[in-house]
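*Asks:* To be precise about what I am sending: the file is called start28.pdb and holds PDB, C-alpha atoms.
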MODEL        1
ATOM      1  CA  MET T  63     149.586 -44.634  25.506
ATOM      2  CA  ARG T  64     147.921 -44.149  22.168
ATOM      3  CA  LYS T  65     145.703 -47.175  22.858
ATOM      4  CA  ARG T  66     144.578 -45.767  26.236
ATOM      5  CA  LEU T  67     143.768 -42.376  24.615
ATOM      6  CA  ILE T  68     141.657 -44.004  21.925
ATOM      7  CA  THR T  69     139.841 -46.042  24.575
ATOM      8  CA  ALA T  70     139.133 -42.911  26.661
ATOM      9  CA  LEU T  71     137.837 -40.980  23.681
ATOM     10  CA  THR T  72     135.648 -43.883  22.651
ATOM     11  CA  GLY T  73     134.227 -44.095  26.148
ATOM     12  CA  LEU T  74     133.511 -40.356  26.218
ATOM     13  CA  ALA T  75     131.743 -40.505  22.885
ATOM     14  CA  LEU T  76     129.653 -43.437  24.076
ATOM     15  CA  ALA T  77     128.766 -41.655  27.329
ATOM     16  CA  THR T  78     127.684 -38.588  25.408
ATOM     17  CA  THR T  79     125.587 -40.713  23.058
ATOM     18  CA  ILE T  80     123.678 -42.452  25.842
ATOM     19  CA  GLY T  81     123.231 -39.235  27.834
ATOM     20  CA  LEU T  82     125.724 -39.687  30.667
ATOM     21  CA  VAL T  83     127.556 -36.535  29.612
ATOM     22  CA  PRO T  84     125.214 -33.585  28.839
ATOM     23  CA  SER T  85     125.515 -31.997  25.414
ATOM     24  CA  THR T  86     126.097 -28.262  25.812
ATOM     25  CA  THR T  87     124.472 -27.416  22.443
ATOM     26  CA  ALA T  88     121.205 -29.048  23.516
ATOM     27  CA  TYR T  89     120.822 -26.555  26.342
ATOM     28  CA  ALA T  90     122.221 -23.445  24.663
ATOM     29  CA  ASP T  91     120.001 -20.403  24.299
ATOM     30  CA  PRO T  92     119.079 -19.597  20.701
ATOM     31  CA  ASP T  93     121.510 -17.270  18.953
ATOM     32  CA  ILE T  94     120.555 -13.651  18.344
ATOM     33  CA  ASP T  95     119.800 -14.178  14.646
ATOM     34  CA  THR T  96     117.338 -16.946  15.461
ATOM     35  CA  VAL T  97     115.641 -14.835  18.129
ATOM     36  CA  GLN T  98     115.550 -11.864  15.779
ATOM     37  CA  ALA T  99     113.812 -13.869  13.053
ATOM     38  CA  ARG T 100     111.254 -15.296  15.480
ATOM     39  CA  VAL T 101     110.560 -11.950  17.162
ATOM     40  CA  ASP T 102     110.165 -10.253  13.770
ATOM     41  CA  ARG T 103     107.659 -12.906  12.752
ATOM     42  CA  LEU T 104     105.692 -12.602  15.999
ATOM     43  CA  TYR T 105     105.625  -8.799  15.829
ATOM     44  CA  HIS T 106     104.456  -8.989  12.228
ATOM     45  CA  GLU T 107     101.702 -11.474  13.067
ATOM     46  CA  ALA T 108     100.634  -9.300  15.991
ATOM     47  CA  GLU T 109     100.543  -6.212  13.768
ATOM     48  CA  GLN T 110      98.504  -8.060  11.148
ATOM     49  CA  ALA T 111      95.972  -8.955  13.829
ATOM     50  CA  SER T 112      96.059  -5.396  15.172
ATOM     51  CA  GLU T 113      95.348  -3.910  11.739
ATOM     52  CA  ARG T 114      92.518  -6.402  11.226
ATOM     53  CA  TYR T 115      91.243  -5.198  14.599
ATOM     54  CA  ASN T 116      91.414  -1.601  13.343
ATOM     55  CA  ASP T 117      89.543  -2.591  10.172
ATOM     56  CA  ALA T 118      86.877  -4.329  12.227
ATOM     57  CA  LYS T 119      86.444  -1.237  14.433
ATOM     58  CA  ILE T 120      85.813   0.898  11.337
ATOM     59  CA  GLU T 121      83.311  -1.672  10.073
ATOM     60  CA  LEU T 122      81.648  -1.799  13.494
ATOM     61  CA  GLU T 123      81.221   1.995  13.559
ATOM     62  CA  ALA T 124      79.574   1.851  10.124
ATOM     63  CA  LEU T 125      77.279  -0.980  11.210
ATOM     64  CA  GLN T 126      76.295   0.862  14.373
ATOM     65  CA  GLY T 127      75.495   3.887  12.233
ATOM     66  CA  ASP T 128      73.298   1.672  10.028
ATOM     67  CA  VAL T 129      71.521   0.322  13.094
ATOM     68  CA  ALA T 130      70.854   3.841  14.379
ATOM     69  CA  SER T 131      69.417   4.872  10.994
ATOM     70  CA  LEU T 132      67.319   1.724  10.759
ATOM     71  CA  ARG T 133      65.956   2.263  14.249
ATOM     72  CA  ALA T 134      65.050   5.855  13.359
ATOM     73  CA  ASP T 135      63.283   4.559  10.226
ATOM     74  CA  GLN T 136      61.559   1.951  12.349
ATOM     75  CA  ARG T 137      60.281   4.617  14.756
ATOM     76  CA  ARG T 138      58.963   6.687  11.842
ATOM     77  CA  GLN T 139      57.351   3.572  10.374
ATOM     78  CA  ASP T 140      55.750   2.786  13.741
ATOM     79  CA  ALA T 141      54.251   6.278  13.822
ATOM     80  CA  ALA T 142      52.967   5.978  10.252
ATOM     81  CA  LEU T 143      51.458   2.580  11.025
ATOM     82  CA  ASP T 144      49.768   3.930  14.164
ATOM     83  CA  SER T 145      48.220   6.757  12.121
ATOM     84  CA  VAL T 146      46.819   4.407   9.480
ATOM     85  CA  ARG T 147      45.676   1.981  12.169
ATOM     86  CA  GLU T 148      43.656   4.771  13.844
ATOM     87  CA  GLN T 149      42.075   5.759  10.540
ATOM     88  CA  VAL T 150      41.084   2.169   9.788
ATOM     89  CA  ALA T 151      39.660   1.783  13.302
ATOM     90  CA  ASP T 152      37.639   5.011  12.951
ATOM     91  CA  ALA T 153      36.253   3.858   9.616
ATOM     92  CA  MET T 154      35.240   0.485  11.014
ATOM     93  CA  VAL T 155      33.555   2.108  14.023
ATOM     94  CA  SER T 156      31.646   4.501  11.785
ATOM     95  CA  GLN T 157      30.441   1.635   9.614
ATOM     96  CA  TYR T 158      29.481  -0.418  12.663
ATOM     97  CA  GLN T 159      27.432   2.523  14.016
ATOM     98  CA  GLY T 160      25.341   2.546  10.859
ATOM     99  CA  GLN T 161      26.667   5.588   9.035
ATOM    100  CA  GLY T 162      27.212   3.518   5.902
ATOM    101  CA  ILE T 163      23.692   1.980   6.118
ATOM    102  CA  SER T 164      22.086   5.416   6.622
ATOM    103  CA  ALA T 165      23.802   6.657   3.519
ATOM    104  CA  VAL T 166      22.405   3.711   1.512
ATOM    105  CA  GLY T 167      18.909   4.396   2.869
ATOM    106  CA  GLU T 168      19.121   8.042   1.936
ATOM    107  CA  ILE T 169      20.048   7.100  -1.609
ATOM    108  CA  PHE T 170      17.006   4.923  -2.156
ATOM    109  CA  VAL T 171      14.419   7.287  -0.568
ATOM    110  CA  SER T 172      15.649  10.348  -2.421
ATOM    111  CA  ASP T 173      13.222  11.869  -4.960
ATOM    112  CA  ASP T 174      15.967  14.064  -6.439
ATOM    113  CA  PRO T 175      17.927  12.212  -9.171
ATOM    114  CA  GLY T 176      20.813  14.648  -8.745
ATOM    115  CA  ALA T 177      20.950  14.012  -5.029
ATOM    116  CA  PHE T 178      20.684  10.281  -5.724
ATOM    117  CA  LEU T 179      23.775  10.363  -8.004
ATOM    118  CA  SER T 180      25.663  12.657  -5.664
ATOM    119  CA  GLN T 181      25.055  10.431  -2.663
ATOM    120  CA  LEU T 182      25.854   7.308  -4.699
ATOM    121  CA  THR T 183      29.176   8.855  -5.631
ATOM    122  CA  THR T 184      29.776   9.770  -1.995
ATOM    123  CA  MET T 185      29.048   6.190  -0.929
ATOM    124  CA  SER T 186      31.406   4.818  -3.574
ATOM    125  CA  SER T 187      34.125   7.253  -2.498
ATOM    126  CA  TYR T 188      33.626   6.210   1.112
ATOM    127  CA  GLU T 189      34.139   2.562   0.219
ATOM    128  CA  ASP T 190      37.147   3.444  -1.945
ATOM    129  CA  ARG T 191      38.592   5.339   1.005
ATOM    130  CA  GLN T 192      38.126   2.275   3.198
ATOM    131  CA  ASP T 193      39.865   0.109   0.630
ATOM    132  CA  ALA T 194      42.711   2.617   0.342
ATOM    133  CA  LEU T 195      43.112   2.757   4.118
ATOM    134  CA  LEU T 196      43.271  -1.018   4.344
ATOM    135  CA  ALA T 197      45.821  -1.105   1.505
ATOM    136  CA  ASP T 198      47.877   1.578   3.259
ATOM    137  CA  TYR T 199      47.710  -0.393   6.477
ATOM    138  CA  THR T 200      48.969  -3.536   4.729
ATOM    139  CA  ASP T 201      51.789  -1.598   3.046
ATOM    140  CA  GLU T 202      52.886   0.010   6.310
ATOM    141  CA  VAL T 203      52.881  -3.353   8.136
ATOM    142  CA  GLU T 204      55.057  -4.849   5.402
ATOM    143  CA  ALA T 205      57.397  -1.830   5.412
ATOM    144  CA  LEU T 206      57.782  -2.034   9.190
ATOM    145  CA  ASP T 207      58.524  -5.747   8.968
ATOM    146  CA  ILE T 208      61.235  -5.076   6.376
ATOM    147  CA  ARG T 209      62.872  -2.484   8.635
ATOM    148  CA  GLU T 210      62.653  -4.712  11.702
ATOM    149  CA  THR T 211      64.273  -7.566   9.753
ATOM    150  CA  ALA T 212      67.041  -5.279   8.483
ATOM    151  CA  THR T 213      67.678  -3.969  11.993
ATOM    152  CA  SER T 214      67.867  -7.494  13.417
ATOM    153  CA  ARG T 215      70.291  -8.532  10.669
ATOM    154  CA  ARG T 216      72.560  -5.548  11.349
ATOM    155  CA  LEU T 217      72.477  -6.204  15.104
ATOM    156  CA  ALA T 218      73.535  -9.813  14.473
ATOM    157  CA  GLN T 219      76.413  -8.537  12.338
ATOM    158  CA  VAL T 220      77.430  -6.171  15.140
ATOM    159  CA  THR T 221      77.496  -9.057  17.620
ATOM    160  CA  ALA T 222      79.587 -11.226  15.278
ATOM    161  CA  LEU T 223      81.965  -8.358  14.633
ATOM    162  CA  LYS T 224      82.458  -7.742  18.357
ATOM    163  CA  ASP T 225      83.361 -11.419  18.735
ATOM    164  CA  ARG T 226      85.882 -11.035  15.908
ATOM    165  CA  LEU T 227      87.361  -7.987  17.598
ATOM    166  CA  ALA T 228      87.846  -9.976  20.789
ATOM    167  CA  ASP T 229      89.561 -12.785  18.855
ATOM    168  CA  GLU T 230      91.930 -10.385  17.082
ATOM    169  CA  LYS T 231      92.764  -8.667  20.380
ATOM    170  CA  ALA T 232      93.564 -12.054  21.929
ATOM    171  CA  THR T 233      95.845 -12.864  18.984
ATOM    172  CA  VAL T 234      97.673  -9.554  19.365
ATOM    173  CA  ASP T 235      98.228 -10.142  23.072
ATOM    174  CA  LYS T 236      99.406 -13.725  22.567
ATOM    175  CA  LYS T 237     101.939 -12.871  19.833
ATOM    176  CA  HIS T 238     103.209  -9.891  21.809
ATOM    177  CA  GLU T 239     103.710 -11.988  24.945
ATOM    178  CA  GLU T 240     105.581 -14.652  22.958
ATOM    179  CA  ALA T 241     107.888 -12.038  21.444
ATOM    180  CA  GLU T 242     108.557 -10.449  24.816
ATOM    181  CA  GLY T 243     109.308 -13.872  26.273
ATOM    182  CA  LEU T 244     111.930 -14.498  23.594
ATOM    183  CA  LEU T 245     113.479 -11.072  24.094
ATOM    184  CA  GLY T 246     113.630 -11.712  27.817
ATOM    185  CA  ARG T 247     116.057 -14.580  27.208
ATOM    186  CA  LEU T 248     118.617 -12.216  25.662
ATOM    187  CA  LYS T 249     121.219 -10.277  27.552
ATOM    188  CA  ASP T 250     120.592  -6.539  27.798
ATOM    189  CA  GLU T 251     123.213  -5.635  25.187
ATOM    190  CA  GLU T 252     121.945  -8.313  22.791
ATOM    191  CA  ARG T 253     118.375  -7.089  23.193
ATOM    192  CA  GLU T 254     119.410  -3.486  22.563
ATOM    193  CA  GLN T 255     121.469  -4.520  19.544
ATOM    194  CA  MET T 256     118.549  -6.426  18.054
ATOM    195  CA  LEU T 257     115.863  -3.816  18.648
ATOM    196  CA  SER T 258     117.985  -0.955  17.331
ATOM    197  CA  ARG T 259     118.901  -2.698  14.084
ATOM    198  CA  GLY T 260     117.914  -0.874  10.928
ATOM    199  CA  SER T 261     117.502   2.462  12.703
ATOM    200  CA  LYS T 262     118.788   5.420  10.717
ATOM    201  CA  THR T 263     120.064   8.766  11.901
ATOM    202  CA  VAL T 264     117.136  11.167  12.208
ATOM    203  CA  PRO T 265     117.495  13.865   9.520
ATOM    204  CA  SER T 266     117.829  17.385  10.886
ATOM    205  CA  ASP T 267     115.595  18.739   8.138
ATOM    206  CA  VAL T 268     112.995  17.180   5.828
ATOM    207  CA  PRO T 269     112.208  19.345   2.783
ATOM    208  CA  ALA T 270     108.418  18.957   2.789
ATOM    209  CA  SER T 271     106.087  21.560   1.330
ATOM    210  CA  GLY T 272     102.406  22.474   1.431
ATOM    211  CA  ARG T 273     100.120  20.513   3.718
ATOM    212  CA  ALA T 274     102.605  17.636   3.782
ATOM    213  CA  ALA T 275     104.993  19.830   5.795
ATOM    214  CA  ALA T 276     102.658  19.784   8.809
ATOM    215  CA  ALA T 277     102.192  16.002   8.540
ATOM    216  CA  VAL T 278     105.929  15.343   8.294
ATOM    217  CA  ALA T 279     106.762  17.711  11.165
ATOM    218  CA  TYR T 280     104.294  15.929  13.453
ATOM    219  CA  ALA T 281     105.516  12.440  12.533
ATOM    220  CA  MET T 282     109.168  13.381  13.006
ATOM    221  CA  ALA T 283     108.405  14.913  16.395
ATOM    222  CA  GLN T 284     107.154  11.502  17.587
ATOM    223  CA  VAL T 285     110.441   9.658  16.921
ATOM    224  CA  GLY T 286     111.314   7.815  20.113
ATOM    225  CA  ASP T 287     107.687   7.435  21.238
ATOM    226  CA  SER T 288     106.342   4.008  22.130
ATOM    227  CA  TYR T 289     104.546   1.579  19.853
ATOM    228  CA  VAL T 290     101.260   0.347  21.312
ATOM    229  CA  TYR T 291      98.767  -1.714  19.325
ATOM    230  CA  GLY T 292      95.678   0.351  18.511
ATOM    231  CA  ALA T 293      97.159   3.610  19.831
ATOM    232  CA  ALA T 294      96.948   6.972  18.084
ATOM    233  CA  GLY T 295      98.799   9.312  20.439
ATOM    234  CA  PRO T 296      99.578  11.455  22.154
ATOM    235  CA  SER T 297     102.665   9.540  23.327
ATOM    236  CA  ALA T 298     102.176   6.081  21.799
ATOM    237  CA  PHE T 299     101.139   4.921  18.328
ATOM    238  CA  ASP T 300     100.688   1.979  16.056
ATOM    239  CA  CYS T 301     101.670   2.361  12.395
ATOM    240  CA  SER T 302      98.350   3.647  11.016
ATOM    241  CA  GLY T 303      97.664   5.642  14.184
ATOM    242  CA  LEU T 304     100.844   7.657  13.598
ATOM    243  CA  THR T 305     100.107   8.429   9.942
ATOM    244  CA  MET T 306      96.460   9.215  10.746
ATOM    245  CA  MET T 307      97.401  11.727  13.441
ATOM    246  CA  ALA T 308     100.220  13.218  11.351
ATOM    247  CA  TRP T 309      97.961  13.984   8.399
ATOM    248  CA  ALA T 310      95.242  15.242  10.761
ATOM    249  CA  GLN T 311      97.600  18.133  11.524
ATOM    250  CA  ALA T 312      97.308  19.062   7.846
ATOM    251  CA  GLY T 313      93.505  18.905   7.949
ATOM    252  CA  VAL T 314      93.296  15.531   6.177
ATOM    253  CA  ALA T 315      91.150  12.851   7.803
ATOM    254  CA  LEU T 316      92.473   9.309   7.404
ATOM    255  CA  PRO T 317      90.985   6.080   8.787
ATOM    256  CA  HIS T 318      92.853   4.246  11.532
ATOM    257  CA  SER T 319      93.803   1.335   9.283
ATOM    258  CA  SER T 320      96.781   0.805   6.992
ATOM    259  CA  SER T 321      94.731  -1.060   4.370
ATOM    260  CA  ALA T 322      92.015   1.618   4.419
ATOM    261  CA  GLN T 323      94.624   4.397   4.147
ATOM    262  CA  TYR T 324      95.825   2.798   0.915
ATOM    263  CA  SER T 325      92.661   4.266  -0.652
ATOM    264  CA  SER T 326      93.135   7.716   0.899
ATOM    265  CA  GLY T 327      94.651   9.411  -2.142
ATOM    266  CA  PRO T 328      96.096   8.937  -5.619
ATOM    267  CA  ARG T 329      98.690   6.216  -6.097
ATOM    268  CA  VAL T 330     102.281   7.397  -6.476
ATOM    269  CA  SER T 331     105.142   5.502  -8.127
ATOM    270  CA  LEU T 332     108.087   4.815  -5.852
ATOM    271  CA  SER T 333     110.310   6.814  -8.202
ATOM    272  CA  ALA T 334     108.133   9.921  -7.700
ATOM    273  CA  LEU T 335     107.805   9.849  -3.903
ATOM    274  CA  GLN T 336     107.743  13.139  -2.015
ATOM    275  CA  PRO T 337     108.008  13.752   1.758
ATOM    276  CA  GLY T 338     104.620  13.105   3.350
ATOM    277  CA  ASP T 339     103.608  10.314   0.964
ATOM    278  CA  LEU T 340     102.513   7.094   2.637
ATOM    279  CA  VAL T 341     104.315   3.847   1.838
ATOM    280  CA  PHE T 342     102.527   0.525   2.409
ATOM    281  CA  TYR T 343     103.946  -2.895   3.168
ATOM    282  CA  TYR T 344     103.129  -6.612   2.942
ATOM    283  CA  SER T 345     100.285  -8.401   1.179
ATOM    284  CA  PRO T 346      97.668  -8.137   2.514
ATOM    285  CA  ILE T 347      98.651  -4.635   3.635
ATOM    286  CA  SER T 348      99.424  -4.532   7.355
ATOM    287  CA  HIS T 349     101.980  -1.735   7.796
ATOM    288  CA  VAL T 350     102.386   1.888   6.713
ATOM    289  CA  GLY T 351     105.119   4.480   7.060
ATOM    290  CA  MET T 352     105.638   8.095   5.923
ATOM    291  CA  TYR T 353     108.273   8.897   3.323
ATOM    292  CA  ILE T 354     110.694  11.651   4.395
ATOM    293  CA  GLY T 355     113.118  11.649   1.465
ATOM    294  CA  ASN T 356     116.481  10.028   0.702
ATOM    295  CA  GLY T 357     114.941   6.559   0.704
ATOM    296  CA  LEU T 358     113.823   6.852   4.343
ATOM    297  CA  ILE T 359     110.518   6.539   6.174
ATOM    298  CA  VAL T 360     109.391   7.498   9.652
ATOM    299  CA  HIS T 361     107.060   4.898  11.128
ATOM    300  CA  ALA T 362     105.794   3.239  14.279
ATOM    301  CA  ALA T 363     107.803   0.055  13.781
ATOM    302  CA  ASN T 364     106.921  -2.381  16.588
ATOM    303  CA  PRO T 365     106.696  -2.532  20.398
ATOM    304  CA  GLY T 366     110.440  -3.088  20.697
ATOM    305  CA  ALA T 367     111.600  -0.235  18.462
ATOM    306  CA  GLY T 368     108.796   2.321  18.801
ATOM    307  CA  VAL T 369     108.619   5.250  16.374
ATOM    308  CA  LYS T 370     111.812   5.480  14.357
ATOM    309  CA  VAL T 371     113.403   6.336  11.014
ATOM    310  CA  SER T 372     114.191   3.363   8.763
ATOM    311  CA  ASP T 373     115.220   2.490   5.251
ATOM    312  CA  MET T 374     112.119   2.523   3.021
ATOM    313  CA  ASN T 375     112.966  -0.914   1.616
ATOM    314  CA  GLU T 376     113.442  -2.578   4.996
ATOM    315  CA  MET T 377     110.129  -4.389   4.401
ATOM    316  CA  PRO T 378     108.385  -5.584   1.209
ATOM    317  CA  VAL T 379     106.751  -2.505  -0.360
ATOM    318  CA  VAL T 380     103.273  -2.812  -1.912
ATOM    319  CA  GLY T 381     102.754   0.774  -3.055
ATOM    320  CA  ALA T 382     102.393   4.409  -2.047
ATOM    321  CA  VAL T 383      99.712   7.115  -2.006
ATOM    322  CA  ARG T 384      99.645  10.880  -1.595
ATOM    323  CA  PRO T 385      96.914  11.873   0.915
ATOM    324  CA  GLY T 386      94.894  15.027   0.548
TER     325      GLY T 386
ENDMDL
END
Would you mind giving the structure from this file in structure tokens?

*Replies:*
Amino acid sequence: MRKRLITALTGLALATTIGLVPSTTAYADPDIDTVQARVDRLYHEAEQASERYNDAKIELEALQGDVASLRADQRRQDAALDSVREQVADAMVSQYQGQGISAVGEIFVSDDPGAFLSQLTTMSSYEDRQDALLADYTDEVEALDIRETATSRRLAQVTALKDRLADEKATVDKKHEEAEGLLGRLKDEEREQMLSRGSKTVPSDVPASGRAAAAVAYAMAQVGDSYVYGAAGPSAFDCSGLTMMAWAQAGVALPHSSSAQYSSGPRVSLSALQPGDLVFYYSPISHVGMYIGNGLIVHAANPGAGVKVSDMNEMPVVGAVRPG
């Protein structure tokens, strides 16, 4: 009996080894911890790309402003060049028609020494004026060329930046789709369990004061709203879009970029945080949340969790600032 059992077990092991009996672990769906780690990584990579996209949009707006200014300068330079060109043309026509020769003749036939000197001075001034006009013309041509070159360079930068924006947008979409595909393999209760992790009970009252009170009130009112890359309200936000709109309620203008917001006010030590202060995460900075006291932040977390309240130390903190 024992011999037959050993033989059967040996045969089963051999069948499994050569593939006759399928291994259940080879076909098992990944466990929730594995999915959670991969989804977190994909969401983070997508948010990094999204914040780079936001940075590029700010840079693009500045470049487009430069181009507009350069084009205005170029139009003014065109007008100045046209004016000098007309003056040079008039001078050349006058000389061609003999006005300069007549002046020379009058000098040499004059019997009045005073008139002779006066006309000689006039002739010299006329030639000096011609030289000055030609010099002005040359200067204006060079100035226009400089502006045209600068405008062309800025336009090339705009084109390159638009290409970069498209690349970052494609990265965001790809990472988001991968994360959603992984989440789709979970059961409903597993998905809900994973996406709700780390969420804290929303405080009934946040003791903010001054202008920060308006910013905090707005941010807290958005808890439960959706997270959408690049959004800044009214019903969906990304991380920097939420903090930008919240502080706008207090009359403080912030850029739509977490890294740019890091320069929006004085730095604050984590031990001195007050409600309304902005807390920044990762290096390079790619996430921002608003401190609301008791070690908590309100932030647009990710597409799965939306706007929520979390522990401030849920992610690696880089620093904090106090806007306004």

*Asks:* What's the separation between CA of Gly127 in chain T and CA of Asp207 in chain T, in Å to one decimal place?

*Replies:*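 These two atoms are separated by 19.8 Å.
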
*Asks:* Please provide the set of residues having any atom within 12 Å of Glu376 in chain T, restricted to all atoms listed in the file, with same-chain residues fewer than 6 positions apart removed, written as a PDB file with C-alpha atoms, in the coordinates of the input.

*Replies:*
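Resulting contents of selection.pdb:
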ATOM      1  CA  ARG T 259     118.901  -2.698  14.084  1.00  0.00           C
ATOM      2  CA  GLY T 260     117.914  -0.874  10.928  1.00  0.00           C
ATOM      3  CA  SER T 261     117.502   2.462  12.703  1.00  0.00           C
ATOM      4  CA  LYS T 262     118.788   5.420  10.717  1.00  0.00           C
ATOM      5  CA  VAL T 341     104.315   3.847   1.838  1.00  0.00           C
ATOM      6  CA  PHE T 342     102.527   0.525   2.409  1.00  0.00           C
ATOM      7  CA  TYR T 343     103.946  -2.895   3.168  1.00  0.00           C
ATOM      8  CA  TYR T 344     103.129  -6.612   2.942  1.00  0.00           C
ATOM      9  CA  HIS T 349     101.980  -1.735   7.796  1.00  0.00           C
ATOM     10  CA  GLY T 351     105.119   4.480   7.060  1.00  0.00           C
ATOM     11  CA  GLY T 357     114.941   6.559   0.704  1.00  0.00           C
ATOM     12  CA  LEU T 358     113.823   6.852   4.343  1.00  0.00           C
ATOM     13  CA  ILE T 359     110.518   6.539   6.174  1.00  0.00           C
ATOM     14  CA  VAL T 360     109.391   7.498   9.652  1.00  0.00           C
ATOM     15  CA  HIS T 361     107.060   4.898  11.128  1.00  0.00           C
ATOM     16  CA  ALA T 363     107.803   0.055  13.781  1.00  0.00           C
TER      17      ALA T 363
END

*Asks:* Expanded to explicit residues, what is the PyMOL selection byres ((chain T and resi 110-113) around 7) for this file, as a PyMOL selection string?

*Replies:* chain T and resi 106-109+114-117+230-231+233-234+291-292+319-320+348

*Asks:* What is the CA of Ala315 in chain T-CA of Val268 in chain T distance in Å, reported with one decimal?

*Replies:*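 These atoms are spaced 22.4 Å apart.
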
*Asks:* Applying the PyMOL selection byres ((chain T and resi 296-313) around 7) to the file I just gave you, which residues come out? Please list them as a PDB file with C-alpha atoms, in the coordinates of the input.

*Replies:*
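Printed below is out.pdb as written:
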ATOM      1  CA  ARG T 273     100.120  20.513   3.718  1.00  0.00           C
ATOM      2  CA  ALA T 274     102.605  17.636   3.782  1.00  0.00           C
ATOM      3  CA  ALA T 276     102.658  19.784   8.809  1.00  0.00           C
ATOM      4  CA  ALA T 277     102.192  16.002   8.540  1.00  0.00           C
ATOM      5  CA  VAL T 278     105.929  15.343   8.294  1.00  0.00           C
ATOM      6  CA  TYR T 280     104.294  15.929  13.453  1.00  0.00           C
ATOM      7  CA  ALA T 281     105.516  12.440  12.533  1.00  0.00           C
ATOM      8  CA  ASP T 287     107.687   7.435  21.238  1.00  0.00           C
ATOM      9  CA  SER T 288     106.342   4.008  22.130  1.00  0.00           C
ATOM     10  CA  TYR T 289     104.546   1.579  19.853  1.00  0.00           C
ATOM     11  CA  VAL T 290     101.260   0.347  21.312  1.00  0.00           C
ATOM     12  CA  TYR T 291      98.767  -1.714  19.325  1.00  0.00           C
ATOM     13  CA  GLY T 292      95.678   0.351  18.511  1.00  0.00           C
ATOM     14  CA  ALA T 293      97.159   3.610  19.831  1.00  0.00           C
ATOM     15  CA  ALA T 294      96.948   6.972  18.084  1.00  0.00           C
ATOM     16  CA  GLY T 295      98.799   9.312  20.439  1.00  0.00           C
ATOM     17  CA  VAL T 314      93.296  15.531   6.177  1.00  0.00           C
ATOM     18  CA  ALA T 315      91.150  12.851   7.803  1.00  0.00           C
ATOM     19  CA  LEU T 316      92.473   9.309   7.404  1.00  0.00           C
ATOM     20  CA  PRO T 317      90.985   6.080   8.787  1.00  0.00           C
ATOM     21  CA  HIS T 318      92.853   4.246  11.532  1.00  0.00           C
ATOM     22  CA  SER T 319      93.803   1.335   9.283  1.00  0.00           C
ATOM     23  CA  SER T 320      96.781   0.805   6.992  1.00  0.00           C
ATOM     24  CA  HIS T 349     101.980  -1.735   7.796  1.00  0.00           C
ATOM     25  CA  VAL T 350     102.386   1.888   6.713  1.00  0.00           C
ATOM     26  CA  GLY T 351     105.119   4.480   7.060  1.00  0.00           C
ATOM     27  CA  MET T 352     105.638   8.095   5.923  1.00  0.00           C
ATOM     28  CA  HIS T 361     107.060   4.898  11.128  1.00  0.00           C
ATOM     29  CA  ALA T 362     105.794   3.239  14.279  1.00  0.00           C
ATOM     30  CA  ALA T 363     107.803   0.055  13.781  1.00  0.00           C
TER      31      ALA T 363
END

*Asks:* Distance CA of Lys370 in chain T-CA of Gly286 in chain T, one decimal place?

*Replies:* 6.2 Å

*Asks:* So which residues get picked by the PyMOL selection byres ((chain T and resi 382) around 6) here, written as a list in words?

*Replies:*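 So the PyMOL selection byres ((chain T and resi 382) around 6), applied here, picks out Arg329, Val330, Leu340, Val341, Phe342, Gly381 and Val383 of chain T.
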
*Asks:* Now that the selection is made, can you save its residues with C-alpha atoms as a compact mmCIF listing (two decimals), in the coordinates of the input?

*Replies:*
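The file below, selection-v7.txt, is the result:
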# COMPACT_ATOMS: atom_id res chain seq x y z
CA ARG T 329 98.69 6.22 -6.10
CA VAL T 330 102.28 7.40 -6.48
CA LEU T 340 102.51 7.09 2.64
CA VAL T 341 104.32 3.85 1.84
CA PHE T 342 102.53 0.52 2.41
CA GLY T 381 102.75 0.77 -3.06
CA VAL T 383 99.71 7.12 -2.01

*Asks:* Complete the atom set of range 298-303 of chain T to N, CA, C and O atoms and return it as a compact mmCIF listing (two decimals), keeping the file's coordinate frame.

*Replies:*
# COMPACT_ATOMS: atom_id res chain seq x y z
N ALA T 298 101.99 7.44 22.30
CA ALA T 298 102.18 6.08 21.80
C ALA T 298 101.32 5.90 20.56
O ALA T 298 100.23 6.49 20.45
N PHE T 299 101.81 5.08 19.62
CA PHE T 299 101.14 4.92 18.33
C PHE T 299 101.31 3.50 17.81
O PHE T 299 102.26 2.81 18.18
N ASP T 300 100.38 3.08 16.95
CA ASP T 300 100.69 1.98 16.06
C ASP T 300 100.93 2.61 14.69
O ASP T 300 100.88 3.83 14.54
N CYS T 301 101.22 1.78 13.67
CA CYS T 301 101.67 2.36 12.40
C CYS T 301 100.63 3.29 11.77
O CYS T 301 100.94 4.42 11.38
N SER T 302 99.38 2.83 11.66
CA SER T 302 98.35 3.65 11.02
C SER T 302 97.87 4.77 11.93
O SER T 302 97.38 5.80 11.46
N GLY T 303 98.02 4.57 13.25
CA GLY T 303 97.66 5.64 14.18
C GLY T 303 98.59 6.83 14.03
O GLY T 303 98.16 7.99 14.09
